[in-house]
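Student: Mind looking over this structure? Questions follow.
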Amino acid sequence: PQPSPQTGAAVKAADRAHVFHSWSAQELIDPLAVAGAEGSYFWDYDGRRYLDFSSGLVYTNIGYQHPKVVAAIQEQAARMTTFAPAFAVEARSEAARLIAERTPGDLDKIFFTNAGADAVEHALRMARLHTGRPKVLSAYRSYHGGTQQAVNLTGDPRRWASDSGTAGVVHFWAPFLYRSRFYAETEEQECARALEHLETTIAFEGPGTIAAIVLETIPGTAGIMTPPAGYLAGVRELCDKHGIVFVLDEVMAGFGRTGTWFAADLYDVVPDLMTFAKGVNSGYVPLGGVAISGEIAATFAERPYPGGLTYSGHPLACAAAVATINVMAEEGVVEHAARLGAEVVGPALRELAERHPSVGEVRGTGMFWALELVKDRETREPLVPYNATGQAATPMSAFAASAKAHGLWPFVNMNRTHVVPPCNITEAELKEGLAALDTALSVADEYTQ
Ligand code: PLP
């Protein structure tokens with residue numbers, strides 16, 4: 001830990017006086033004052049260190065303060081900190097090239113945004129203009145961002161306060177066998193019935209009114225539900241049949257998280273538009289974007305695209321993306337995530353599930369795993385109710401408190417904890433975190449029946 005002239009108490013006092021925090025009741029939160037971070041760890045002003053199994057908000061895919069990326073940001077800052085989006089700028093051109101080389105199929109044009117939500121907004125705008133249709137379909141159990149349309153698409157309670165009724169968004173159920181909406185008992189049944197449900201939804205909404213179907217390739221915050229084989233290919237077919245734009249949101253799943261560059265690579269599916277952010281530069285400088293197919297790019301070849309941002313392709317953010325992608329390639333980060341996911345995390349979590357009655361299901365791939373915590377394995381009743389807060393969420397907050405007391409910073413959402421550390425975490429660090437997780441799960445076990 002680096003010495004700091006500030007005290008944690010002073011940092012926190014200024015925060016409590018002036019910082020208005022996301023998604024929070026302002027008087028009910030107690031943010032930790034963070035003094036520093038490096039690799040897979042961060043620490044507070046009292047020298048307490050935490051292993052970050054949440055990668056911030058699932059974005060530090062190469063950990064904190066990677067020296068090569070920090071140096072690239074410093075070099076870019078010295079050379080050209082910023083430049084307006086209408087110009088051709090080296091860092092922006094190179095970032096677009098490196099991204100387009102990795103995105104699937106012919107997603108070869110990159111529109112840069114500031115983050116994930118505005119990438120989703122622009123993907124919707126492109127789809128609506130390309131098709132001339134008004135509506136968009138998205139899944140329950142999803143998260144697409146906090147701006148108006150992105151939160152309208154979102155299939156979790158964060159949407160409710162911003163539902164306007166005029167958003168033109170229709171929700172459907174994507175496959176999730178463990179909590180099947182389709183009375184399915186096998187992945188094959190779940191896949192077939194989810195596709196049939198989607199097809200019926202399209203028919204009843206009117207195919208000619210639907211601009212886009214938007215899905216997270218693997219839903220992230222909503223629970224890391226890896227789709228059954230054939231589902232995304234089936235959605236692709238439905239989109240082709242009805243002239244609907246297929247948008248995959250890879251803001252969380254992209255850039256190595258799944259042990260592949262993009263989650264779409266796992267399913268051999270090519271969308272028409274793909275959104276990204278987070279891992280593109282490990283979140284060192286805010287950056288997101290939309291990767292655009294040849295056909296949709298052609299729509300805006302002679303006709304101006306009516307959208308833009310002052311900071312579209314900000315050089316500092318793009319230089320961070322160039323350095324991050326190069327580091328990931330040079331250091332084999334994607335392959336590392338795939339290997340440790342398959343050989344260490346998956347087996348370890350399944351072993352924890354055998355010993356801990358609170359673990360209902362383990363699912364995931366790469367460095368992208370969820371543990372579904374339940375009161376009762378037979379009934380699958382969640383350890384806390386859907387959208388529980390305060391007292392009702394005690395079993396999960398007790399679990400999280402135990403993890404933190406043992407030096408592990410967990411990702412917690414509703415009745416789940418996700419194991420989503422940096423993709424370049426070492427095997428020894430993983431084992432340290434899994435041991436703390438084991439201890440914290442014993443606390444969750446106390447709330448089972
Ligand atoms: N899409 C997905 C799948 C996400 O996970 C997120 C954020 O977690 C977003 C969009 C929104 O991204 P941002 O918070 O960068 O606007």
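Just remember, in the structure tokens the first chain shown is A, the second B, etc., residues are 1-based per chain, and ligands are 1-based in the order shown.
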Taking only residues of range 36-85 of chain A that have an atom at most 12 Å from an atom of range 434-445 of chain A, what is each one's shortest atom pair and its distance in Å to one decimal, using only C-alpha atoms, in chain and number order, as a tab-separated table?
Tutor:
residue	atom	partner	partner_atom	distance
A:Tyr50	CA	A:Ala436	CA	10.8
A:Leu51	CA	A:Ala436	CA	9.7
A:Asp52	CA	A:Leu434	CA	11.6
A:Phe53	CA	A:Leu434	CA	9.4
Student: Using N, CA and C atoms, can you export the residues from the last selection as an mmCIF file, in the first residue's frame?
Tutor:
data_model
loop_
_atom_site.group_PDB
_atom_site.id
_atom_site.type_symbol
_atom_site.label_atom_id
_atom_site.label_comp_id
_atom_site.auth_asym_id
_atom_site.auth_seq_id
_atom_site.Cartn_x
_atom_site.Cartn_y
_atom_site.Cartn_z
ATOM 1 N N TYR A 50 -8.271 -6.289 0.113
ATOM 2 C CA TYR A 50 -9.353 -7.154 -0.384
ATOM 3 C C TYR A 50 -8.978 -7.732 -1.739
ATOM 4 N N LEU A 51 -9.265 -9.016 -1.910
ATOM 5 C CA LEU A 51 -9.146 -9.654 -3.221
ATOM 6 C C LEU A 51 -10.465 -9.389 -3.947
ATOM 7 N N ASP A 52 -10.371 -8.796 -5.116
ATOM 8 C CA ASP A 52 -11.587 -8.305 -5.783
ATOM 9 C C ASP A 52 -12.189 -9.369 -6.705
ATOM 10 N N PHE A 53 -13.149 -10.117 -6.167
ATOM 11 C CA PHE A 53 -13.845 -11.133 -6.968
ATOM 12 C C PHE A 53 -14.995 -10.509 -7.768
#
Student: For Lys68 in chain A, work out the shell of residues within 12 Å, counting only C-alpha atoms and skipping chain neighbours fewer than 4 positions away, then give it as a VMD selection string.
Tutor: chain A and resid 62 to 64 72 to 75 281 284 319 to 328 330 to 331
Student: Wanna dump the chain A-ligand 1 contacts at 6 Å for me, each residue with its shortest atom pair and the distance in Å to one decimal, counting only C-alpha atoms and all ligand atoms, ordered by chain and number, as CSV?
Tutor:
residue,atom,partner,partner_atom_place_in_ligand_line,distance
A:Ala115,CA,ligand 1,15 (O),4.0
A:Gly116,CA,ligand 1,12 (O),3.3
A:Ala117,CA,ligand 1,16 (O),3.6
A:Tyr143,CA,ligand 1,2 (C),5.3
A:His144,CA,ligand 1,1 (N),3.6
A:Gly145,CA,ligand 1,11 (C),3.5
A:Glu216,CA,ligand 1,3 (C),5.7
A:Gly220,CA,ligand 1,5 (O),5.8
A:Asp249,CA,ligand 1,3 (C),5.4
A:Glu250,CA,ligand 1,3 (C),5.8
A:Val251,CA,ligand 1,2 (C),4.6
A:Met252,CA,ligand 1,5 (O),4.5
Student: Next, write the just-selected residues to a file, as a JSON list (two decimals), in the first residue's frame, keeping C-alpha atoms as the atom set.
Tutor:
[["chain", "number", "residue", "atom", "x", "y", "z"],
["A", 115, "ALA", "CA", -19.90, 3.60, -21.83],
["A", 116, "GLY", "CA", -22.34, 0.69, -22.10],
["A", 117, "ALA", "CA", -25.74, 2.33, -21.73],
["A", 143, "TYR", "CA", -29.48, -5.41, -17.54],
["A", 144, "HIS", "CA", -28.71, -2.98, -20.36],
["A", 145, "GLY", "CA", -27.80, 0.27, -18.61],
["A", 216, "GLU", "CA", -27.01, -10.22, -23.52],
["A", 220, "GLY", "CA", -24.48, -10.94, -16.60],
["A", 249, "ASP", "CA", -25.09, -6.75, -25.66],
["A", 250, "GLU", "CA", -21.55, -7.78, -24.70],
["A", 251, "VAL", "CA", -20.87, -4.88, -22.37],
["A", 252, "MET", "CA", -20.21, -7.32, -19.52]]
Student: Taking 6 positions as the minimum chain separation for residues in the same chain, which residues sit within 12 Å of Val269 in chain A when counting only C-alpha atoms? Answer as a list in words.
Tutor: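 The contact residues come out as Thr103, Pro104, Gly105, Asp106, Leu107, Thr217, Ala229, Gly230, Tyr231, Leu232, Ala233, Gly234, Val235, Arg236, Glu237, Phe246, Val247, Leu248, Phe262 and Ala263 of chain A.
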Student: Using only N, CA and C atoms, please write the residues we just selected to a file, as a PDB file, in the first residue's frame.
Tutor:
ATOM      1  N   THR A 103     -14.117  -8.713 -33.347  1.00  0.00           N
ATOM      2  CA  THR A 103     -15.564  -8.915 -33.307  1.00  0.00           C
ATOM      3  C   THR A 103     -15.961  -9.952 -34.358  1.00  0.00           C
ATOM      4  N   PRO A 104     -17.040 -10.697 -34.112  1.00  0.00           N
ATOM      5  CA  PRO A 104     -17.407 -11.763 -35.044  1.00  0.00           C
ATOM      6  C   PRO A 104     -17.897 -11.232 -36.397  1.00  0.00           C
ATOM      7  N   GLY A 105     -17.862 -12.114 -37.383  1.00  0.00           N
ATOM      8  CA  GLY A 105     -18.455 -11.853 -38.699  1.00  0.00           C
ATOM      9  C   GLY A 105     -17.988 -10.560 -39.320  1.00  0.00           C
ATOM     10  N   ASP A 106     -18.941  -9.822 -39.880  1.00  0.00           N
ATOM     11  CA  ASP A 106     -18.585  -8.571 -40.581  1.00  0.00           C
ATOM     12  C   ASP A 106     -18.929  -7.346 -39.736  1.00  0.00           C
ATOM     13  N   LEU A 107     -18.799  -7.478 -38.423  1.00  0.00           N
ATOM     14  CA  LEU A 107     -19.014  -6.316 -37.541  1.00  0.00           C
ATOM     15  C   LEU A 107     -17.725  -5.485 -37.567  1.00  0.00           C
ATOM     16  N   THR A 217     -25.532 -11.821 -24.601  1.00  0.00           N
ATOM     17  CA  THR A 217     -25.151 -13.155 -25.094  1.00  0.00           C
ATOM     18  C   THR A 217     -25.210 -14.153 -23.931  1.00  0.00           C
ATOM     19  N   ALA A 229     -27.406 -24.769 -25.963  1.00  0.00           N
ATOM     20  CA  ALA A 229     -26.934 -24.889 -27.355  1.00  0.00           C
ATOM     21  C   ALA A 229     -28.120 -24.688 -28.284  1.00  0.00           C
ATOM     22  N   GLY A 230     -27.940 -23.867 -29.276  1.00  0.00           N
ATOM     23  CA  GLY A 230     -28.988 -23.702 -30.290  1.00  0.00           C
ATOM     24  C   GLY A 230     -29.902 -22.517 -30.057  1.00  0.00           C
ATOM     25  N   TYR A 231     -29.908 -21.964 -28.833  1.00  0.00           N
ATOM     26  CA  TYR A 231     -30.857 -20.867 -28.580  1.00  0.00           C
ATOM     27  C   TYR A 231     -30.513 -19.617 -29.397  1.00  0.00           C
ATOM     28  N   LEU A 232     -29.266 -19.178 -29.297  1.00  0.00           N
ATOM     29  CA  LEU A 232     -28.908 -17.931 -29.990  1.00  0.00           C
ATOM     30  C   LEU A 232     -28.973 -18.109 -31.508  1.00  0.00           C
ATOM     31  N   ALA A 233     -28.615 -19.315 -31.978  1.00  0.00           N
ATOM     32  CA  ALA A 233     -28.752 -19.593 -33.418  1.00  0.00           C
ATOM     33  C   ALA A 233     -30.223 -19.527 -33.816  1.00  0.00           C
ATOM     34  N   GLY A 234     -31.104 -20.002 -32.925  1.00  0.00           N
ATOM     35  CA  GLY A 234     -32.545 -19.944 -33.188  1.00  0.00           C
ATOM     36  C   GLY A 234     -33.059 -18.511 -33.242  1.00  0.00           C
ATOM     37  N   VAL A 235     -32.539 -17.661 -32.341  1.00  0.00           N
ATOM     38  CA  VAL A 235     -32.941 -16.249 -32.349  1.00  0.00           C
ATOM     39  C   VAL A 235     -32.440 -15.602 -33.643  1.00  0.00           C
ATOM     40  N   ARG A 236     -31.237 -15.942 -34.021  1.00  0.00           N
ATOM     41  CA  ARG A 236     -30.669 -15.416 -35.280  1.00  0.00           C
ATOM     42  C   ARG A 236     -31.605 -15.752 -36.452  1.00  0.00           C
ATOM     43  N   GLU A 237     -32.073 -17.000 -36.484  1.00  0.00           N
ATOM     44  CA  GLU A 237     -32.983 -17.432 -37.566  1.00  0.00           C
ATOM     45  C   GLU A 237     -34.283 -16.650 -37.553  1.00  0.00           C
ATOM     46  N   PHE A 246     -30.650  -8.151 -34.998  1.00  0.00           N
ATOM     47  CA  PHE A 246     -30.254  -8.918 -33.803  1.00  0.00           C
ATOM     48  C   PHE A 246     -29.111  -8.160 -33.119  1.00  0.00           C
ATOM     49  N   VAL A 247     -29.384  -7.685 -31.895  1.00  0.00           N
ATOM     50  CA  VAL A 247     -28.368  -6.951 -31.125  1.00  0.00           C
ATOM     51  C   VAL A 247     -27.891  -7.830 -29.976  1.00  0.00           C
ATOM     52  N   LEU A 248     -26.611  -8.088 -29.914  1.00  0.00           N
ATOM     53  CA  LEU A 248     -26.054  -8.753 -28.730  1.00  0.00           C
ATOM     54  C   LEU A 248     -25.341  -7.704 -27.885  1.00  0.00           C
ATOM     55  N   PHE A 262     -15.151 -12.726 -27.318  1.00  0.00           N
ATOM     56  CA  PHE A 262     -16.553 -12.350 -27.113  1.00  0.00           C
ATOM     57  C   PHE A 262     -17.348 -13.611 -26.792  1.00  0.00           C
ATOM     58  N   ALA A 263     -18.415 -13.455 -26.020  1.00  0.00           N
ATOM     59  CA  ALA A 263     -19.254 -14.608 -25.682  1.00  0.00           C
ATOM     60  C   ALA A 263     -19.873 -15.198 -26.942  1.00  0.00           C
TER      61      ALA A 263
END
Student: Kindly indicate which residue among A:Met225, A:Ala91, A:Ala370, A:Val214 lies nearest to Cys318 in chain A, using only C-alpha atoms for the distances.
Tutor: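 Once distances to Cys318 in chain A are computed over only C-alpha atoms, the minimum belongs to A:Ala91.
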Student: If we count only C-alpha atoms, what is near Asp44 in chain A at a cut-off of 12 Å, once residues fewer than 6 positions away on the same chain are taken out, given as a VMD selection string?
Tutor: chain A and resid 1 to 4 6 to 9 11 to 12 31 to 37 50 to 51 407
Student: For the atom pair CA of Gly155 in chain A and CA of Leu177 in chain A, what is the interatomic distance in Å to one decimal place?
Tutor: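 For CA of Gly155 in chain A relative to CA of Leu177 in chain A, the distance reads 17.4 Å.
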Student: Run DSSP on the backbone and give me the residues of range 40-138 of chain A it puts in alpha helix (DSSP H), as a PyMOL selection string.
Tutor: chain A and resi 55-58+67-80+90-102+116-131
Student: Which residue gives the smallest distance to Val170 in chain A among A:Glu378, A:Glu372, A:Glu205, A:Asp30, with only C-alpha atoms counted?
Tutor: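 Smallest distance to Val170 in chain A is found for A:Glu205.
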Student: Excluding same-chain residues fewer than 6 positions from Leu129 in chain A, what lies within 9 Å of it counting only C-alpha atoms, as a compact mmCIF listing (two decimals) with N, CA and C atoms, in the first residue's frame?
Tutor:
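Dumped everything to out07.txt:
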# COMPACT_ATOMS: atom_id res chain seq x y z
N ALA A 211 -38.16 -3.65 -34.58
CA ALA A 211 -36.86 -3.25 -35.14
C ALA A 211 -35.75 -4.19 -34.70
N THR A 299 -26.50 1.43 -44.56
CA THR A 299 -27.67 2.30 -44.41
C THR A 299 -27.24 3.75 -44.21
N TYR A 305 -25.84 9.51 -40.19
CA TYR A 305 -26.33 8.88 -38.96
C TYR A 305 -26.66 9.98 -37.96
Student: Which one is closest to Leu266 in chain A: A:Ala127, A:Ala253, A:Ile213, A:Ala405? Count only C-alpha atoms.
Tutor: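 Ranking A:Ala127, A:Ala253, A:Ile213, A:Ala405 by distance to Leu266 in chain A, first place goes to A:Ala253.
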Student: Just the number, please: distance in Å from CA of Phe111 in chain A to CA of Val290 in chain A, one decimal.
Tutor: 5.2 Å
Student: Kindly indicate which residue among A:Asn387, A:Arg193, A:Tyr447, A:Glu343 lies nearest to Val359 in chain A, using only C-alpha atoms for the distances.
Tutor: A:Tyr447
Student: What gap, in Å, lies between CA of Tyr59 in chain A and CA of Phe20 in chain A?
Tutor: 21.7 Å
Student: Using only C-alpha atoms, which protein or nucleic acid residues come within 9 Å of Ala77 in chain A? Drop anything in the same chain fewer than 5 positions from it, and give the result as number ranges by chain.
Tutor: A: 72, 82, 315-316
